[in-house]
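Reproduced below: target_4.txt, with compact mmCIF, C-alpha atoms.
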# COMPACT_ATOMS: atom_id res chain seq x y z
CA MET A 261 114.19 72.10 101.69
CA THR A 262 112.14 72.55 98.54
CA HIS A 263 111.86 70.03 95.69
CA THR A 264 114.01 72.21 93.43
CA GLU A 265 116.77 72.46 96.06
CA VAL A 266 116.80 68.68 96.52
CA ASP A 267 117.01 68.24 92.73
CA ILE A 268 119.93 70.66 92.50
CA ILE A 269 121.85 68.88 95.28
CA GLN A 270 121.18 65.40 93.83
CA ASN A 271 122.20 66.47 90.32
CA ARG A 272 125.49 68.08 91.33
CA PRO A 273 128.31 66.73 89.16
CA ILE A 274 130.67 66.74 92.14
CA SER A 275 129.62 66.73 95.78
CA ASN A 276 130.71 69.47 98.17
CA ALA A 277 132.38 66.85 100.37
CA LYS A 278 134.45 65.51 97.48
CA LEU A 279 135.44 69.00 96.37
CA GLY A 280 136.37 69.86 99.97
CA VAL A 281 138.58 66.77 100.25
CA LEU A 282 140.25 67.63 96.93
CA VAL A 283 141.09 71.12 98.22
CA LEU A 284 142.33 69.63 101.51
CA LEU A 285 144.56 67.23 99.56
CA GLY A 286 145.88 70.19 97.55
CA ALA A 287 146.91 71.90 100.79
CA GLU A 288 148.41 68.66 102.14
CA THR A 289 150.36 68.25 98.91
CA MET A 290 151.87 71.71 99.31
CA LEU A 291 152.90 70.87 102.89
CA PHE A 292 154.74 67.76 101.72
CA VAL A 293 156.19 69.56 98.71
CA GLY A 294 157.89 71.98 101.10
CA LEU A 295 159.29 69.11 103.17
CA ILE A 296 160.41 67.15 100.11
CA GLY A 297 162.00 70.35 98.72
CA ALA A 298 164.02 70.70 101.92
CA PHE A 299 164.97 67.01 101.72
CA LEU A 300 166.19 67.43 98.12
CA VAL A 301 168.44 70.33 99.13
CA PHE A 302 169.99 68.30 101.97
CA ARG A 303 170.21 65.05 100.00
CA MET A 304 171.72 66.49 96.84
CA GLY A 305 173.89 68.91 98.79
CA ASN A 306 175.63 66.07 100.61
CA VAL A 307 177.88 63.68 98.74
CA ASN A 308 177.78 61.23 101.67
CA TRP A 309 174.23 60.30 102.64
CA PRO A 310 173.81 59.33 105.48
CA PRO A 311 176.58 61.69 106.60
CA LEU A 312 179.80 59.97 107.74
CA SER A 313 179.37 61.38 111.26
CA LEU A 314 176.43 59.01 111.80
CA GLY A 315 178.58 55.91 111.39
CA ASP A 316 177.07 52.90 109.62
CA ILE A 317 173.40 53.64 110.21
CA GLN A 318 171.30 52.10 107.44
CA LEU A 319 167.59 52.56 106.96
CA PRO A 320 165.63 49.27 106.92
CA GLN A 321 164.98 49.14 103.17
CA LEU A 322 163.71 45.55 102.96
CA VAL A 323 161.20 45.67 105.83
CA THR A 324 159.99 49.09 104.72
CA GLY A 325 159.73 47.75 101.17
CA ILE A 326 157.44 44.97 102.39
CA ASN A 327 155.53 47.60 104.37
CA THR A 328 155.20 49.62 101.17
CA PHE A 329 153.58 46.63 99.47
CA LEU A 330 151.15 46.33 102.39
CA LEU A 331 150.14 49.95 101.95
CA LEU A 332 149.85 49.59 98.17
CA PHE A 333 147.64 46.55 98.67
CA SER A 334 145.51 48.53 101.14
CA GLY A 335 145.02 51.19 98.44
CA LEU A 336 143.81 48.47 96.09
CA SER A 337 141.37 47.04 98.62
CA MET A 338 140.09 50.57 99.38
CA PHE A 339 139.47 51.07 95.66
CA PHE A 340 137.55 47.80 95.51
CA SER A 341 135.48 48.75 98.56
CA VAL A 342 134.10 51.71 96.56
CA ARG A 343 133.50 49.48 93.54
CA TYR A 344 131.59 46.98 95.68
CA ILE A 345 129.37 49.61 97.31
CA GLN A 346 128.60 51.01 93.85
CA GLN A 347 127.44 47.52 92.84
CA ASP A 348 125.54 47.04 96.14
CA LYS A 349 127.77 44.11 97.12
CA ILE A 350 127.62 44.94 100.81
CA GLN A 351 129.42 41.88 102.20
CA GLN A 352 132.42 42.32 99.90
CA HIS A 353 132.39 46.03 100.64
CA HIS A 354 132.61 45.38 104.38
CA LEU A 355 135.37 42.83 103.88
CA SER A 356 137.52 45.07 101.70
CA LEU A 357 137.09 47.99 104.13
CA ALA A 358 138.14 45.74 107.01
CA ILE A 359 141.18 44.51 105.01
CA THR A 360 142.16 48.13 104.29
CA TRP A 361 141.85 49.03 107.96
CA PHE A 362 143.91 46.02 109.03
CA LEU A 363 146.66 46.79 106.49
CA GLY A 364 146.75 50.46 107.57
CA VAL A 365 147.18 49.47 111.21
CA ALA A 366 149.83 46.88 110.25
CA PHE A 367 151.73 49.57 108.34
CA LEU A 368 151.72 51.84 111.40
CA VAL A 369 152.81 49.06 113.76
CA ILE A 370 155.70 47.97 111.50
CA GLN A 371 156.73 51.59 110.95
CA GLY A 372 156.67 52.21 114.72
CA SER A 373 158.81 49.13 115.44
CA GLU A 374 161.33 50.23 112.79
CA TRP A 375 161.53 53.66 114.39
CA ILE A 376 162.21 52.11 117.80
CA GLN A 377 165.09 50.11 116.30
CA LEU A 378 166.51 53.19 114.59
CA ILE A 379 166.36 55.19 117.83
CA ARG A 380 168.18 52.31 119.61
CA GLN A 381 170.85 52.47 116.90
CA GLY A 382 171.34 56.15 117.69
CA LEU A 383 169.35 57.85 114.92
CA THR A 384 167.26 60.48 116.67
CA LEU A 385 165.65 63.80 115.78
CA GLN A 386 168.83 65.48 116.99
CA SER A 387 171.13 63.45 114.71
CA GLY A 388 171.88 66.41 112.46
CA ILE A 389 169.99 67.19 109.28
CA TYR A 390 169.74 63.49 108.39
CA GLY A 391 167.83 62.51 111.53
CA GLY A 392 165.88 65.76 111.52
CA ILE A 393 164.59 65.55 107.96
CA PHE A 394 163.99 61.77 108.19
CA TYR A 395 161.80 61.94 111.30
CA VAL A 396 159.95 65.09 110.23
CA LEU A 397 159.18 63.79 106.73
CA ILE A 398 158.35 60.19 107.61
CA GLY A 399 156.71 61.20 110.91
CA CYS A 400 154.47 63.68 109.14
CA HIS A 401 153.37 60.94 106.76
CA ALA A 402 152.81 58.50 109.64
CA LEU A 403 150.55 61.09 111.29
CA HIS A 404 148.57 61.29 108.07
CA VAL A 405 148.25 57.49 107.94
CA LEU A 406 147.04 57.58 111.55
CA GLY A 407 144.46 60.21 110.58
CA ALA A 408 143.41 58.10 107.58
CA VAL A 409 143.04 54.98 109.78
CA MET A 410 140.87 56.95 112.23
CA TRP A 411 138.75 58.23 109.36
CA LEU A 412 138.49 54.70 107.96
CA SER A 413 137.41 53.39 111.39
CA ILE A 414 134.46 55.81 111.34
CA VAL A 415 133.61 54.86 107.73
CA LEU A 416 133.82 51.14 108.60
CA ALA A 417 131.58 51.60 111.65
CA LYS A 418 129.01 53.57 109.64
CA SER A 419 129.18 50.99 106.88
CA LEU A 420 128.52 48.15 109.34
CA LEU A 421 125.54 50.12 110.63
CA GLY A 422 124.17 50.19 107.09
CA ARG A 423 124.55 53.91 106.44
CA PHE A 424 125.98 53.46 102.92
CA SER A 425 124.35 52.11 99.79
CA SER A 426 124.85 52.20 96.02
CA GLN A 427 122.87 55.49 96.04
CA GLU A 428 124.75 57.16 98.90
CA TYR A 429 128.44 56.40 99.36
CA THR A 430 130.11 59.83 99.43
CA GLY A 431 131.66 59.03 102.82
CA VAL A 432 133.42 55.97 101.43
CA GLU A 433 134.50 57.81 98.28
CA THR A 434 136.04 60.76 100.15
CA CYS A 435 137.85 58.36 102.48
CA MET A 436 139.18 56.53 99.43
CA LEU A 437 140.50 59.82 98.00
CA TYR A 438 142.40 60.55 101.21
CA TRP A 439 143.66 56.99 101.46
CA SER A 440 144.90 57.06 97.85
CA PHE A 441 146.77 60.28 98.60
CA VAL A 442 148.48 58.73 101.61
CA VAL A 443 149.44 55.62 99.61
CA ALA A 444 150.75 57.53 96.57
CA LEU A 445 152.69 59.89 98.83
CA TRP A 446 154.31 56.99 100.65
CA LEU A 447 155.56 55.51 97.38
CA ILE A 448 157.32 58.80 96.55
CA LEU A 449 158.72 59.10 100.09
CA TYR A 450 159.96 55.51 100.13
CA ILE A 451 161.84 55.95 96.86
CA LEU A 452 163.28 59.32 97.89
CA VAL A 453 164.17 58.68 101.52
CA TYR A 454 164.96 54.96 101.59
CA LEU A 455 166.26 54.15 98.10
CA TYR A 456 167.75 57.39 96.72
CA MET B 126 171.56 122.76 89.35
CA PHE B 127 169.38 120.10 87.76
CA CYS B 128 171.59 120.13 84.65
CA ARG B 129 174.73 119.57 86.72
CA ILE B 130 173.24 116.56 88.48
CA THR B 131 172.18 115.09 85.14
CA VAL B 132 175.69 115.52 83.72
CA LEU B 133 177.21 114.01 86.85
CA LEU B 134 174.90 110.99 86.65
CA MET B 135 175.74 110.55 82.96
CA ILE B 136 179.48 110.63 83.72
CA ILE B 137 179.02 108.04 86.50
CA GLY B 138 176.98 105.92 84.09
CA LEU B 139 179.64 106.08 81.39
CA VAL B 140 182.45 105.29 83.83
CA SER B 141 180.54 102.32 85.20
CA LEU B 142 180.09 101.03 81.63
CA LEU B 143 183.86 101.23 81.13
CA LEU B 144 184.42 99.09 84.21
CA PRO B 145 182.12 96.11 83.70
CA ASN B 146 181.80 93.69 86.60
CA THR B 147 179.60 90.63 86.78
CA LEU B 148 177.04 90.66 89.53
CA ASP B 149 175.86 87.60 91.47
CA ALA B 150 172.14 88.15 91.52
CA CYS B 151 171.51 84.75 93.06
CA PRO B 152 174.06 83.85 95.76
CA ALA B 153 173.01 80.17 95.73
CA CYS B 154 173.56 79.83 91.96
CA LYS B 155 177.18 81.04 91.94
CA ASN B 156 178.79 77.67 91.38
CA LEU B 157 176.23 75.59 89.58
CA ASP B 158 178.36 72.46 89.60
CA GLU B 159 178.44 72.25 93.38
CA PRO B 160 176.10 69.65 94.91
CA ILE B 161 174.33 72.16 97.16
CA ALA B 162 173.54 74.38 94.14
CA ARG B 163 172.15 71.36 92.25
CA GLY B 164 170.08 70.53 95.32
CA PHE B 165 168.69 74.06 95.42
CA ASN B 166 167.96 74.00 91.70
CA TRP B 167 166.05 70.72 91.77
CA SER B 168 164.23 71.72 94.92
CA VAL B 169 163.15 75.05 93.42
CA LEU B 170 162.06 73.38 90.16
CA PHE B 171 160.09 70.75 92.08
CA MET B 172 158.35 73.29 94.30
CA MET B 173 157.71 75.63 91.36
CA ALA B 174 155.98 72.91 89.35
CA MET B 175 153.76 71.73 92.17
CA PRO B 176 151.13 74.54 92.35
CA PHE B 177 150.43 73.99 88.65
CA THR B 178 150.12 70.24 89.24
CA VAL B 179 147.78 70.71 92.22
CA PHE B 180 145.53 73.22 90.47
CA GLY B 181 145.65 71.10 87.31
CA VAL B 182 144.53 67.97 89.16
CA ILE B 183 141.74 69.73 91.09
CA GLY B 184 140.58 71.66 88.00
CA GLY B 185 140.84 68.55 85.81
CA SER B 186 138.88 66.50 88.30
CA VAL B 187 136.06 69.10 88.49
CA TYR B 188 136.05 69.40 84.68
CA TYR B 189 135.89 65.60 84.31
CA HIS B 190 132.92 65.35 86.70
CA PHE B 191 131.04 68.15 84.92
CA ARG B 192 131.69 66.57 81.52
CA ARG B 193 130.58 63.17 82.76
CA ALA B 194 127.42 64.61 84.33
CA ASN B 195 126.56 66.44 81.10
CA GLY B 196 127.22 63.27 79.11
CA VAL B 197 124.85 61.29 81.30
CA ARG B 198 122.08 63.89 81.05
CA THR B 199 122.20 64.44 77.27

Could you render the structure as structure tokens?
Amino acid sequence: MTHTEVDIIQNRPISNAKLGVLVLLGAETMLFVGLIGAFLVFRMGNVNWPPLSLGDIQLPQLVTGINTFLLLFSGLSMFFSVRYIQQDKIQQHHLSLAITWFLGVAFLVIQGSEWIQLIRQGLTLQSGIYGGIFYVLIGCHALHVLGAVMWLSIVLAKSLLGRFSSQEYTGVETCMLYWSFVVALWLILYILVYLY
Amino acid sequence: MFCRITVLLMIIGLVSLLLPNTLDACPACKNLDEPIARGFNWSVLFMMAMPFTVFGVIGGSVYYHFRRANGVRT
């Protein structure tokens, strides 16, 4: 690579990786928009939600609300991990990444245990449109959180190996973008599916 | 022959104007007060707005980075 090429790459206003993640998030948004659109049709089309045929099944609003706070807090710690690496505060950066990872895993574990309870109560994927749209929408998000946790594991490992610095932290920044998407999306899904 | 067809079409057109009937272009929008129609409406509005939002956010983000980079250099 010539000197000029290196200069061009270093002076790019936005990195290719960041632009790629933004486009990926655009596609992901459209996927969830389709699912939320379907949910809106079913939710607003039914006066009784959950439908009366499902009996007295109630979604765990309180536990999921606490879980929502965990995820929101993980978004905050992810944001601070980028701030710390920008300021070359490596120890704090490692700590905030580890906190984010822990909160992400905790979210998945709590979500999984809630699902097991709901299945025991009789709410399955075959429980009409209510069960179908609930598991597809929330399950799709849970898969994305799982993907984000796996991505974060790689970022954390690379960070512990000293691959990131205040000069080079694109990996952390792109991971933060994806994590923020997952957190913001969950807030919308929680309000729509659990509270509305 | 051509003239006869034209006259016939004109007569059919005039008769159809004398017998006006409303047409349901959108079967889902027939009864707008029904919950399912409201659901469809909100869903369509939501999905329609989203491509603009997505392109706006990506475009805005790229624009912001370019502006910031230019600001730093000058």

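Considering the residues A:Leu279, A:Ile389, A:Leu295, A:Met304 and counting all atoms listed in the file, chain B has its shortest atom-to-atom contact with A:Met304.
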
Worksheet item: Which of these residues is nearest to chain B, using only C-alpha atoms: A:Val301, A:Leu416, A:Ala287, A:Val281?
Response: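 With only C-alpha atoms as the atom set, the closest residue is A:Val301.
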
Long-range neighbours of Ala444 of chain A as a PDB file with C-alpha atoms, in the coordinates of the input, 12 Å cut-off, only C-alpha atoms, 3 positions minimum in chain:
ATOM      1  CA  LEU A 285     144.560  67.230  99.560  1.00  0.00           C
ATOM      2  CA  THR A 289     150.360  68.250  98.910  1.00  0.00           C
ATOM      3  CA  THR A 328     155.200  49.620 101.170  1.00  0.00           C
ATOM      4  CA  PHE A 329     153.580  46.630  99.470  1.00  0.00           C
ATOM      5  CA  LEU A 331     150.140  49.950 101.950  1.00  0.00           C
ATOM      6  CA  LEU A 332     149.850  49.590  98.170  1.00  0.00           C
ATOM      7  CA  PHE A 333     147.640  46.550  98.670  1.00  0.00           C
ATOM      8  CA  SER A 334     145.510  48.530 101.140  1.00  0.00           C
ATOM      9  CA  GLY A 335     145.020  51.190  98.440  1.00  0.00           C
ATOM     10  CA  LEU A 336     143.810  48.470  96.090  1.00  0.00           C
ATOM     11  CA  HIS A 401     153.370  60.940 106.760  1.00  0.00           C
ATOM     12  CA  VAL A 405     148.250  57.490 107.940  1.00  0.00           C
ATOM     13  CA  MET A 436     139.180  56.530  99.430  1.00  0.00           C
ATOM     14  CA  LEU A 437     140.500  59.820  98.000  1.00  0.00           C
ATOM     15  CA  TYR A 438     142.400  60.550 101.210  1.00  0.00           C
ATOM     16  CA  TRP A 439     143.660  56.990 101.460  1.00  0.00           C
ATOM     17  CA  SER A 440     144.900  57.060  97.850  1.00  0.00           C
ATOM     18  CA  PHE A 441     146.770  60.280  98.600  1.00  0.00           C
ATOM     19  CA  LEU A 447     155.560  55.510  97.380  1.00  0.00           C
ATOM     20  CA  ILE A 448     157.320  58.800  96.550  1.00  0.00           C
ATOM     21  CA  LEU A 449     158.720  59.100 100.090  1.00  0.00           C
ATOM     22  CA  TYR A 450     159.960  55.510 100.130  1.00  0.00           C
ATOM     23  CA  ILE A 451     161.840  55.950  96.860  1.00  0.00           C
TER      24      ILE A 451
END

Practice prompt. When you get a sec, could you note down which chain A residues fall within 10 Å of chain B, using all atoms listed in the file, as a ChimeraX atom specification?
Written response: /A:271-275,278-279,282-283,285-287,289-290,292-307

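When atom CA of Tyr429 of chain A is paired with atom CA of Ile345 of chain A, their separation reads 7.2 Å.
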
Discussion item. Please compute the atom CA of Phe367 of chain A-atom CA of Ile350 of chain A distance, one decimal, in Å.
Written reply: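 Those two atoms sit 25.7 Å apart.
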
Discussion item. Just checking: using all atoms listed in the file, which residue out of A:Leu322, A:Val432, A:Leu312, A:Leu445 ends up closest to Cys400 of chain A?
Written reply: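 Answer, going by the shortest atom-to-atom distance: A:Leu445.
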
Worksheet item: Distance atom CA of Gly280 of chain A-atom CA of Trp411 of chain A, one decimal place?
Response: 15.1 Å

Polymer residues at most 7 Å from (160.1, 57.8, 104.1) by all atoms listed in the file, as a tab-separated table (two decimals) with C-alpha atoms, in the frame of the given file:
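Writing the result to result-v7.tsv gives the following:
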chain	number	residue	atom	x	y	z
A	394	PHE	CA	163.99	61.77	108.19
A	397	LEU	CA	159.18	63.79	106.73
A	398	ILE	CA	158.35	60.19	107.61
A	446	TRP	CA	154.31	56.99	100.65
A	449	LEU	CA	158.72	59.10	100.09
A	450	TYR	CA	159.96	55.51	100.13
A	453	VAL	CA	164.17	58.68	101.52
A	454	TYR	CA	164.96	54.96	101.59

Worksheet item: Counting only C-alpha atoms, what is within 9 Å of Gln318 of chain A, bar same-chain residues fewer than 3 positions away, as a VMD selection string?
Response: chain A and resid 310 321 378

Box in all listed atoms of segment 434-441 of chain A, axis-aligned, with 3 Å more on each side; write out centre and edge lengths in Å to one decimal as JSON.
{"center_x": 141.4, "center_y": 58.6, "center_z": 100.2, "size_x": 16.7, "size_y": 10.2, "size_z": 10.6}

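You can rank A:Leu291, A:Ile379, A:Tyr456, A:Tyr390 by their closest distance to His404 of chain A using all atoms listed in the file, and at the top of that list sits A:Leu291.
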